[in-house]
$ cat target01.pdb   # PDB, C-alpha atoms (C1' of nucleotides)
ATOM      1  CA  MET S  24     -13.627   1.479 -21.818
ATOM      2  CA  VAL S  25     -13.790   2.183 -18.130
ATOM      3  CA  LYS S  26     -12.131   5.274 -16.691
ATOM      4  CA  GLU S  27      -9.924   4.835 -13.633
ATOM      5  CA  ASN S  28     -10.664   6.594 -10.378
ATOM      6  CA  PRO S  29      -8.574   9.636  -9.555
ATOM      7  CA  PRO S  30      -8.222  10.348  -5.807
ATOM      8  CA  VAL S  31     -11.527  11.320  -4.241
ATOM      9  CA  LYS S  32     -11.861  13.302  -1.051
ATOM     10  CA  ILE S  33     -14.729  12.138   1.100
ATOM     11  CA  PRO S  34     -15.838  15.099   3.199
ATOM     12  CA  ARG S  35     -15.670  14.797   6.956
ATOM     13  CA  ILE S  36     -15.275  11.041   6.891
ATOM     14  CA  GLY S  37     -14.137   9.767  10.236
ATOM     15  CA  GLN S  38     -13.966  13.236  11.702
ATOM     16  CA  SER S  39     -17.539  13.337  12.838
ATOM     17  CA  VAL S  40     -16.903  10.640  15.375
ATOM     18  CA  GLN S  41     -13.878  11.957  17.219
ATOM     19  CA  GLY S  42     -15.444  12.006  20.618
ATOM     20  CA  SER S  43     -17.096   8.635  20.762
ATOM     21  CA  GLN S  44     -15.158   5.576  21.845
ATOM     22  CA  THR S  45     -18.038   3.202  21.264
ATOM     23  CA  GLY S  46     -17.652   1.327  18.009
ATOM     24  CA  GLN S  47     -15.808   3.790  15.865
ATOM     25  CA  PRO S  48     -15.911   1.733  12.665
ATOM     26  CA  ILE S  49     -19.667   1.444  12.755
ATOM     27  CA  MET S  50     -20.019   5.176  13.143
ATOM     28  CA  VAL S  51     -17.720   5.765  10.201
ATOM     29  CA  LEU S  52     -19.792   3.323   8.196
ATOM     30  CA  PHE S  53     -22.964   5.062   9.269
ATOM     31  CA  ASP S  54     -21.515   8.363   8.253
ATOM     32  CA  LEU S  55     -20.729   6.955   4.841
ATOM     33  CA  ILE S  56     -23.762   4.901   3.954
ATOM     34  CA  GLY S  57     -26.057   7.185   5.910
ATOM     35  CA  ARG S  58     -25.803   9.850   3.251
ATOM     36  CA  ARG S  59     -28.637  10.509   0.935
ATOM     37  CA  TRP S  60     -29.180   7.738  -1.620
ATOM     38  CA  SER S  61     -26.108   5.744  -0.562
ATOM     39  CA  MET S  62     -28.042   2.735   0.639
ATOM     40  CA  GLY S  63     -30.511   3.079  -2.184
ATOM     41  CA  ILE S  64     -27.659   2.863  -4.646
ATOM     42  CA  LEU S  65     -26.250  -0.252  -3.026
ATOM     43  CA  TRP S  66     -29.701  -1.741  -2.973
ATOM     44  CA  ASN S  67     -30.379  -1.082  -6.623
ATOM     45  CA  LEU S  68     -27.006  -2.384  -7.699
ATOM     46  CA  SER S  69     -27.453  -5.609  -5.800
ATOM     47  CA  SER S  70     -29.511  -7.449  -8.388
ATOM     48  CA  GLN S  71     -27.564  -6.326 -11.426
ATOM     49  CA  ASN S  72     -25.287  -3.707 -12.842
ATOM     50  CA  ARG S  73     -26.958  -0.492 -13.796
ATOM     51  CA  THR S  74     -26.235   2.533 -15.904
ATOM     52  CA  PHE S  75     -26.025   6.007 -14.461
ATOM     53  CA  ARG S  76     -29.379   7.088 -15.781
ATOM     54  CA  ASP S  77     -31.003   3.846 -14.796
ATOM     55  CA  LEU S  78     -29.818   4.340 -11.239
ATOM     56  CA  GLN S  79     -31.033   7.899 -11.349
ATOM     57  CA  THR S  80     -34.608   7.009 -12.157
ATOM     58  CA  ARG S  81     -34.610   4.154  -9.668
ATOM     59  CA  CYS S  82     -33.466   6.436  -6.886
ATOM     60  CA  GLY S  83     -36.519   8.644  -7.014
ATOM     61  CA  SER S  84     -34.956  10.870  -9.631
ATOM     62  CA  ALA S  85     -32.033  11.877  -7.494
ATOM     63  CA  SER S  86     -30.201  14.760  -9.090
ATOM     64  CA  PRO S  87     -27.220  13.718 -11.173
ATOM     65  CA  THR S  88     -25.000  15.864  -8.993
ATOM     66  CA  VAL S  89     -25.543  13.896  -5.806
ATOM     67  CA  LEU S  90     -25.745  10.618  -7.570
ATOM     68  CA  ASN S  91     -22.349  11.122  -9.084
ATOM     69  CA  THR S  92     -20.942  12.289  -5.752
ATOM     70  CA  ARG S  93     -22.268   9.205  -4.002
ATOM     71  CA  LEU S  94     -20.917   6.949  -6.700
ATOM     72  CA  LYS S  95     -17.496   8.552  -6.404
ATOM     73  CA  GLU S  96     -17.539   8.062  -2.639
ATOM     74  CA  LEU S  97     -18.681   4.482  -2.837
ATOM     75  CA  ARG S  98     -16.036   3.760  -5.412
ATOM     76  CA  ALA S  99     -13.414   5.481  -3.289
ATOM     77  CA  VAL S 100     -14.062   3.060  -0.447
ATOM     78  CA  GLY S 101     -14.272   0.105  -2.775
ATOM     79  CA  LEU S 102     -17.911  -0.820  -2.447
ATOM     80  CA  VAL S 103     -18.899   0.037  -5.993
ATOM     81  CA  GLU S 104     -17.024  -0.239  -9.248
ATOM     82  CA  LYS S 105     -17.415   0.878 -12.796
ATOM     83  CA  THR S 106     -17.746  -1.900 -15.309
ATOM     84  CA  ASP S 107     -18.463  -2.206 -18.990
ATOM     85  CA  THR S 108     -22.108  -2.819 -18.230
ATOM     86  CA  GLY S 109     -22.477   0.172 -15.913
ATOM     87  CA  TYR S 110     -21.958   0.453 -12.198
ATOM     88  CA  GLY S 111     -21.855  -2.636 -10.019
ATOM     89  CA  LEU S 112     -21.016  -3.869  -6.549
ATOM     90  CA  THR S 113     -17.523  -5.027  -5.703
ATOM     91  CA  GLY S 114     -16.807  -7.994  -3.486
ATOM     92  CA  SER S 115     -17.137  -6.047  -0.267
ATOM     93  CA  GLY S 116     -20.060  -4.167  -1.689
ATOM     94  CA  ARG S 117     -21.855  -7.442  -2.128
ATOM     95  CA  GLU S 118     -20.851  -8.476   1.364
ATOM     96  CA  LEU S 119     -22.308  -5.303   2.756
ATOM     97  CA  PHE S 120     -25.487  -5.798   0.821
ATOM     98  CA  GLU S 121     -25.931  -9.250   2.260
ATOM     99  CA  VAL S 122     -25.736  -7.771   5.726
ATOM    100  CA  LEU S 123     -28.155  -5.068   4.678
ATOM    101  CA  GLU S 124     -30.571  -7.380   2.928
ATOM    102  CA  PRO S 125     -32.741  -8.415   5.907
ATOM    103  CA  LEU S 126     -33.743  -4.778   6.182
ATOM    104  CA  GLY S 127     -35.912  -5.320   3.144
ATOM    105  CA  ASP S 128     -38.096  -7.903   4.800
ATOM    106  CA  TRP S 129     -38.252  -5.940   7.992
ATOM    107  CA  ALA S 130     -39.261  -2.805   6.114
ATOM    108  CA  MET S 131     -42.142  -4.683   4.492
ATOM    109  CA  GLU S 132     -43.535  -5.652   7.867
ATOM    110  CA  TRP S 133     -42.842  -2.272   9.339
ATOM    111  CA  ALA S 134     -44.597  -0.425   6.530
ATOM    112  CA  LYS S 135     -47.870  -2.074   7.500
ATOM    113  CA  ASP S 136     -48.282   0.004  10.625
ATOM    114  CA  LEU S 137     -47.410   3.415   9.273
TER     115      LEU S 137
ATOM    116  CA  MET J   4     -43.003  13.307  33.649
ATOM    117  CA  VAL J   5     -42.848  12.508  29.996
ATOM    118  CA  LYS J   6     -44.292  14.872  27.433
ATOM    119  CA  GLU J   7     -46.534  13.465  24.727
ATOM    120  CA  ASN J   8     -45.724  13.813  21.081
ATOM    121  CA  PRO J   9     -47.629  16.405  19.105
ATOM    122  CA  PRO J  10     -47.954  15.620  15.379
ATOM    123  CA  VAL J  11     -44.598  15.794  13.641
ATOM    124  CA  LYS J  12     -44.147  16.381   9.948
ATOM    125  CA  ILE J  13     -41.337  14.383   8.476
ATOM    126  CA  PRO J  14     -40.072  16.293   5.470
ATOM    127  CA  ARG J  15     -40.267  14.616   2.079
ATOM    128  CA  ILE J  16     -40.868  11.169   3.528
ATOM    129  CA  GLY J  17     -42.095   8.789   0.883
ATOM    130  CA  GLN J  18     -42.127  11.444  -1.771
ATOM    131  CA  SER J  19     -38.551  10.972  -2.794
ATOM    132  CA  VAL J  20     -39.314   7.509  -4.061
ATOM    133  CA  GLN J  21     -42.252   8.138  -6.337
ATOM    134  CA  GLY J  22     -40.704   6.766  -9.459
ATOM    135  CA  SER J  23     -39.306   3.489  -8.238
ATOM    136  CA  GLN J  24     -41.422   0.387  -8.140
ATOM    137  CA  THR J  25     -38.742  -1.787  -6.629
ATOM    138  CA  GLY J  26     -39.278  -2.232  -2.930
ATOM    139  CA  GLN J  27     -40.893   1.002  -1.953
ATOM    140  CA  PRO J  28     -40.905   0.344   1.793
ATOM    141  CA  ILE J  29     -37.176  -0.177   1.871
ATOM    142  CA  MET J  30     -36.625   3.103   0.081
ATOM    143  CA  VAL J  31     -38.848   4.889   2.550
ATOM    144  CA  LEU J  32     -36.903   3.286   5.357
ATOM    145  CA  PHE J  33     -33.628   4.289   3.742
ATOM    146  CA  ASP J  34     -34.878   7.815   3.386
ATOM    147  CA  LEU J  35     -35.718   7.855   7.077
ATOM    148  CA  ILE J  36     -32.764   6.133   8.705
ATOM    149  CA  GLY J  37     -30.395   7.371   6.055
ATOM    150  CA  ARG J  38     -30.438  10.841   7.516
ATOM    151  CA  ARG J  39     -27.534  12.117   9.465
ATOM    152  CA  TRP J  40     -27.174  10.512  12.887
ATOM    153  CA  SER J  41     -30.368   8.441  12.610
ATOM    154  CA  MET J  42     -28.636   5.114  12.681
ATOM    155  CA  GLY J  43     -26.119   6.351  15.201
ATOM    156  CA  ILE J  44     -28.964   7.246  17.512
ATOM    157  CA  LEU J  45     -30.567   3.841  17.176
ATOM    158  CA  TRP J  46     -27.206   2.243  17.743
ATOM    159  CA  ASN J  47     -26.483   4.216  20.878
ATOM    160  CA  LEU J  48     -29.913   3.612  22.320
ATOM    161  CA  SER J  49     -29.656  -0.116  21.804
ATOM    162  CA  SER J  50     -27.682  -0.925  24.908
ATOM    163  CA  GLN J  51     -29.543   1.377  27.253
ATOM    164  CA  ASN J  52     -31.672   4.462  27.539
ATOM    165  CA  ARG J  53     -29.817   7.708  27.218
ATOM    166  CA  THR J  54     -30.363  11.355  27.986
ATOM    167  CA  PHE J  55     -30.381  14.006  25.333
ATOM    168  CA  ARG J  56     -26.955  15.319  26.209
ATOM    169  CA  ASP J  57     -25.533  11.840  26.525
ATOM    170  CA  LEU J  58     -26.693  11.030  23.030
ATOM    171  CA  GLN J  59     -25.293  14.291  21.821
ATOM    172  CA  THR J  60     -21.757  13.563  22.960
ATOM    173  CA  ARG J  61     -21.924   9.987  21.732
ATOM    174  CA  CYS J  62     -22.968  11.097  18.276
ATOM    175  CA  GLY J  63     -19.792  13.019  17.607
ATOM    176  CA  SER J  64     -21.215  16.147  19.182
ATOM    177  CA  ALA J  65     -24.087  16.418  16.785
ATOM    178  CA  SER J  66     -25.725  19.798  17.101
ATOM    179  CA  PRO J  67     -28.767  19.817  19.360
ATOM    180  CA  THR J  68     -30.844  21.071  16.484
ATOM    181  CA  VAL J  69     -30.441  17.997  14.322
ATOM    182  CA  LEU J  70     -30.405  15.649  17.229
ATOM    183  CA  ASN J  71     -33.767  16.885  18.361
ATOM    184  CA  THR J  72     -35.124  16.755  14.829
ATOM    185  CA  ARG J  73     -33.981  13.167  14.418
ATOM    186  CA  LEU J  74     -35.467  12.195  17.754
ATOM    187  CA  LYS J  75     -38.783  13.743  16.798
ATOM    188  CA  GLU J  76     -38.780  11.856  13.522
ATOM    189  CA  LEU J  77     -37.851   8.562  15.090
ATOM    190  CA  ARG J  78     -40.527   9.032  17.701
ATOM    191  CA  ALA J  79     -43.058   9.959  15.047
ATOM    192  CA  VAL J  80     -42.577   6.607  13.344
ATOM    193  CA  GLY J  81     -42.518   4.762  16.629
ATOM    194  CA  LEU J  82     -38.947   3.580  16.716
ATOM    195  CA  VAL J  83     -37.879   5.654  19.690
ATOM    196  CA  GLU J  84     -39.749   6.734  22.791
ATOM    197  CA  LYS J  85     -39.273   9.106  25.641
ATOM    198  CA  THR J  86     -39.088   7.487  29.042
ATOM    199  CA  ASP J  87     -38.353   8.576  32.567
ATOM    200  CA  THR J  88     -34.760   7.512  32.140
ATOM    201  CA  GLY J  89     -34.244   9.375  28.880
ATOM    202  CA  TYR J  90     -34.768   8.223  25.306
ATOM    203  CA  GLY J  91     -35.062   4.558  24.491
ATOM    204  CA  LEU J  92     -35.988   2.124  21.746
ATOM    205  CA  THR J  93     -39.548   0.929  21.349
ATOM    206  CA  GLY J  94     -40.452  -2.613  20.401
ATOM    207  CA  SER J  95     -40.040  -2.052  16.694
ATOM    208  CA  GLY J  96     -36.993   0.071  17.351
ATOM    209  CA  ARG J  97     -35.379  -2.884  19.021
ATOM    210  CA  GLU J  98     -36.462  -5.117  16.174
ATOM    211  CA  LEU J  99     -34.847  -2.793  13.692
ATOM    212  CA  PHE J 100     -31.682  -2.684  15.715
ATOM    213  CA  GLU J 101     -31.438  -6.444  15.704
ATOM    214  CA  VAL J 102     -31.590  -6.384  11.943
ATOM    215  CA  LEU J 103     -29.017  -3.632  11.901
ATOM    216  CA  GLU J 104     -26.693  -5.204  14.423
ATOM    217  CA  PRO J 105     -24.636  -7.431  12.085
ATOM    218  CA  LEU J 106     -23.424  -4.233  10.462
ATOM    219  CA  GLY J 107     -21.242  -3.708  13.503
ATOM    220  CA  ASP J 108     -19.230  -6.838  12.964
ATOM    221  CA  TRP J 109     -19.003  -6.249   9.275
ATOM    222  CA  ALA J 110     -17.796  -2.695   9.837
ATOM    223  CA  MET J 111     -15.007  -3.986  12.068
ATOM    224  CA  GLU J 112     -13.716  -6.225   9.327
ATOM    225  CA  TRP J 113     -14.248  -3.616   6.676
ATOM    226  CA  ALA J 114     -12.356  -0.960   8.588
ATOM    227  CA  LYS J 115      -9.190  -3.026   8.337
ATOM    228  CA  ASP J 116      -8.721  -2.329   4.652
ATOM    229  CA  LEU J 117      -9.402   1.387   4.605
TER     230      LEU J 117
ATOM    231  C1'  DC W  20     -25.443  13.298 -41.295
ATOM    232  C1'  DT W  21     -29.284  13.260 -37.822
ATOM    233  C1'  DC W  22     -31.435  11.312 -33.946
ATOM    234  C1'  DG W  23     -31.607   9.398 -29.616
ATOM    235  C1'  DT W  24     -29.330   7.890 -25.572
ATOM    236  C1'  DT W  25     -25.604   8.006 -22.051
ATOM    237  C1'  DG W  26     -22.437   9.829 -18.561
ATOM    238  C1'  DC W  27     -21.711  13.379 -16.753
ATOM    239  C1'  DT W  28     -20.573  18.873 -15.451
ATOM    240  C1'  DA W  29     -22.141  23.789 -14.335
ATOM    241  C1'  DC W  30     -24.717  26.757 -12.135
ATOM    242  C1'  DA W  31     -28.277  28.938  -9.318
ATOM    243  C1'  DT W  32     -31.695  27.850  -5.647
ATOM    244  C1'  DA W  33     -33.387  25.431  -1.756
ATOM    245  C1'  DA W  34     -32.868  22.600   2.118
ATOM    246  C1'  DA W  35     -30.291  20.292   5.808
ATOM    247  C1'  DT W  36     -26.803  20.587   9.246
ATOM    248  C1'  DA W  37     -23.271  22.834  12.170
ATOM    249  C1'  DG W  38     -22.183  25.796  15.726
ATOM    250  C1'  DT W  39     -22.970  28.735  19.253
ATOM    251  C1'  DA W  40     -25.748  31.088  22.816
ATOM    252  C1'  DG W  41     -29.067  30.937  26.090
ATOM    253  C1'  DC W  42     -33.700  30.020  28.421
ATOM    254  C1'  DG W  43     -36.559  27.620  31.898
ATOM    255  C1'  DG W  44     -36.623  23.573  34.907
ATOM    256  C1'  DT W  45     -34.755  20.405  38.571
ATOM    257  C1'  DG W  46     -32.041  18.948  42.095
ATOM    258  C1'  DC W  47     -28.359  19.598  45.566
ATOM    259  C1'  DG W  48     -25.395  21.684  48.904
ATOM    260  C1'  DT W  49     -25.142  25.686  52.227
TER     261       DT W  49
ATOM    262  C1'  DA K  21     -33.314  31.424  50.212
ATOM    263  C1'  DC K  22     -29.178  31.263  47.417
ATOM    264  C1'  DG K  23     -25.883  29.825  44.052
ATOM    265  C1'  DC K  24     -24.380  26.113  41.178
ATOM    266  C1'  DA K  25     -24.445  22.457  38.069
ATOM    267  C1'  DC K  26     -26.700  19.940  35.241
ATOM    268  C1'  DC K  27     -30.749  18.890  32.111
ATOM    269  C1'  DG K  28     -33.833  19.178  27.608
ATOM    270  C1'  DC K  29     -34.372  21.983  24.409
ATOM    271  C1'  DT K  30     -35.205  26.460  21.248
ATOM    272  C1'  DA K  31     -33.359  30.518  18.433
ATOM    273  C1'  DC K  32     -30.413  32.241  15.396
ATOM    274  C1'  DT K  33     -26.684  32.621  11.864
ATOM    275  C1'  DA K  34     -23.112  30.375   8.989
ATOM    276  C1'  DT K  35     -21.791  26.604   6.281
ATOM    277  C1'  DT K  36     -22.455  22.446   3.889
ATOM    278  C1'  DT K  37     -25.141  19.477   1.065
ATOM    279  C1'  DA K  38     -28.942  18.487  -2.111
ATOM    280  C1'  DT K  39     -32.230  19.823  -5.732
ATOM    281  C1'  DG K  40     -33.479  21.145 -10.306
ATOM    282  C1'  DT K  41     -32.562  22.422 -14.808
ATOM    283  C1'  DA K  42     -29.748  23.008 -18.711
ATOM    284  C1'  DG K  43     -26.490  21.432 -21.614
ATOM    285  C1'  DC K  44     -22.084  19.331 -23.557
ATOM    286  C1'  DA K  45     -19.146  15.599 -25.533
ATOM    287  C1'  DA K  46     -19.220  10.806 -26.871
ATOM    288  C1'  DC K  47     -21.329   6.875 -28.773
ATOM    289  C1'  DG K  48     -24.412   3.769 -31.772
ATOM    290  C1'  DA K  49     -28.049   3.096 -34.957
ATOM    291  C1'  DG K  50     -30.162   4.251 -39.049
TER     292       DG K  50
END
$ encode --input "target01.pdb" --output "structure tokens"
Amino acid sequence: MVKENPPVKIPRIGQSVQGSQTGQPIMVLFDLIGRRWSMGILWNLSSQNRTFRDLQTRCGSASPTVLNTRLKELRAVGLVEKTDTGYGLTGSGRELFEVLEPLGDWAMEWAKDL
Amino acid sequence: MVKENPPVKIPRIGQSVQGSQTGQPIMVLFDLIGRRWSMGILWNLSSQNRTFRDLQTRCGSASPTVLNTRLKELRAVGLVEKTDTGYGLTGSGRELFEVLEPLGDWAMEWAKDL
DNA sequence: CTCGTTGCTACATAAATAGTAGCGGTGCGT
DNA sequence: ACGCACCGCTACTATTTATGTAGCAACGAG
């Protein structure tokens, strides 16, 4: 059985960008997915659903504390969901991943020159 | 005149991903640009070169401490450079931005439903 | 029942970031 | 020469966030 999500407070979301007019949504997104392990989580969930501990080892042994925090946040904004087979991407989560995907190829090229 | 970059140590880069086989370069990249304000900096430098203080206000008044740290890091990996007209993207920096750019449009759509 | 695994929480420590103040440099008007 | 306003940035402390380890309750298999 899958537990339902009680309200989750995401610290300082949206507040960090008060001053800037330029592209507010993107800055909010950056603030969200620019936290430690956020993108790694999305990336690792893209191919298949994963259990908590599976995710943990795949994310360079991120501490369970952060991992759980990130998962709560990502679920709060509807990018990740809890399923019977572990955590997985939602519809918009998958959308976001598709936008993010080309980064993989670029990173491969980029890694060649330090 | 533009000062040259002395060697910069980027904390824990690459080390956080020891355990994961899957796509190491992308995880290194995530670890780098997934730090606070990194992507915001790249984003704000994409349209034009900017001064330190200009960047600072555009990044939700990020503290000069972090901002300078991020700039050092991004320069160390050759994504950002110091020019006569302030900070700007290098060739690969611009490449990365182009990969990152679609996020802007997606974020606009995404922002509509919380 | 035991054994192993899973999803977490608790807690203390370490690291990253915020938030302010202020220094030296540069240019500009007087 | 002077003040004045900006600039890039460093120093320092306070707060937030992440790490690292231990461990608990729940489950399934044997």
$ interface_residues --input "target01.pdb" --of "chain K" --to "chain J" --cutoff "8 Å" --atoms "all atoms listed in the file" --output "number ranges by chain"
K: 27-29
$ residues_around --input "target01.pdb" --residues "region 35-46 of chain W" --least-positions-apart "6" --cutoff "10 Å" --atoms "only C-alpha atoms (C1' of nucleotides)" --output "list in words"
Arg38, Arg39, Ser64, Ala65, Ser66, Pro67, Thr68 and Val69 of chain J; DA25, DC26, DC27, DG28, DC29, DT30, DA31, DC32, DT33, DA34, DT35, DT36, DT37 and DA38 of chain K
$ axis_aligned_box --input "target01.pdb" --around "region 63-73 of chain J" --padding-each-side "4 Å" --output "AutoDock Vina command-line options"
--center_x -27.5 --center_y 17.0 --center_z 16.8 --size_x 23.3 --size_y 16.1 --size_z 13.0
$ resolve_selection --input "target01.pdb" --expression "the PyMOL selection byres ((chain J and resi 48) around 10)" --output "JSON list (two decimals) with C-alpha atoms, keeping the file's coordinate frame"
[["chain", "number", "residue", "atom", "x", "y", "z"],
["J", 42, "MET", "CA", -28.64, 5.11, 12.68],
["J", 43, "GLY", "CA", -26.12, 6.35, 15.20],
["J", 44, "ILE", "CA", -28.96, 7.25, 17.51],
["J", 45, "LEU", "CA", -30.57, 3.84, 17.18],
["J", 46, "TRP", "CA", -27.21, 2.24, 17.74],
["J", 47, "ASN", "CA", -26.48, 4.22, 20.88],
["J", 49, "SER", "CA", -29.66, -0.12, 21.80],
["J", 50, "SER", "CA", -27.68, -0.92, 24.91],
["J", 51, "GLN", "CA", -29.54, 1.38, 27.25],
["J", 52, "ASN", "CA", -31.67, 4.46, 27.54],
["J", 53, "ARG", "CA", -29.82, 7.71, 27.22],
["J", 54, "THR", "CA", -30.36, 11.36, 27.99],
["J", 58, "LEU", "CA", -26.69, 11.03, 23.03],
["J", 83, "VAL", "CA", -37.88, 5.65, 19.69],
["J", 89, "GLY", "CA", -34.24, 9.38, 28.88],
["J", 90, "TYR", "CA", -34.77, 8.22, 25.31],
["J", 91, "GLY", "CA", -35.06, 4.56, 24.49],
["J", 92, "LEU", "CA", -35.99, 2.12, 21.75],
["J", 96, "GLY", "CA", -36.99, 0.07, 17.35],
["J", 97, "ARG", "CA", -35.38, -2.88, 19.02],
["J", 100, "PHE", "CA", -31.68, -2.68, 15.72]]
$ resolve_selection --input "target01.pdb" --expression "the PyMOL selection byres ((chain S and resi 54) around 8)" --output "list in words"
Ile36, Gly37, Ser39, Met50, Val51, Leu52, Phe53, Leu55, Ile56, Gly57 and Arg58 of chain S; Arg39 and Trp40 of chain J
$ resolve_selection --input "target01.pdb" --expression "the PyMOL selection byres ((chain W) within 10 of (chain S))" --output "list in words"
DT24, DT25, DG26, DC27, DT28 and DA29 of chain W
$ closest_residue --input "target01.pdb" --among "S:Ser61, S:Leu97, S:Thr108, S:Thr92" --to "chain J" --atoms "only C-alpha atoms"
S:Ser61
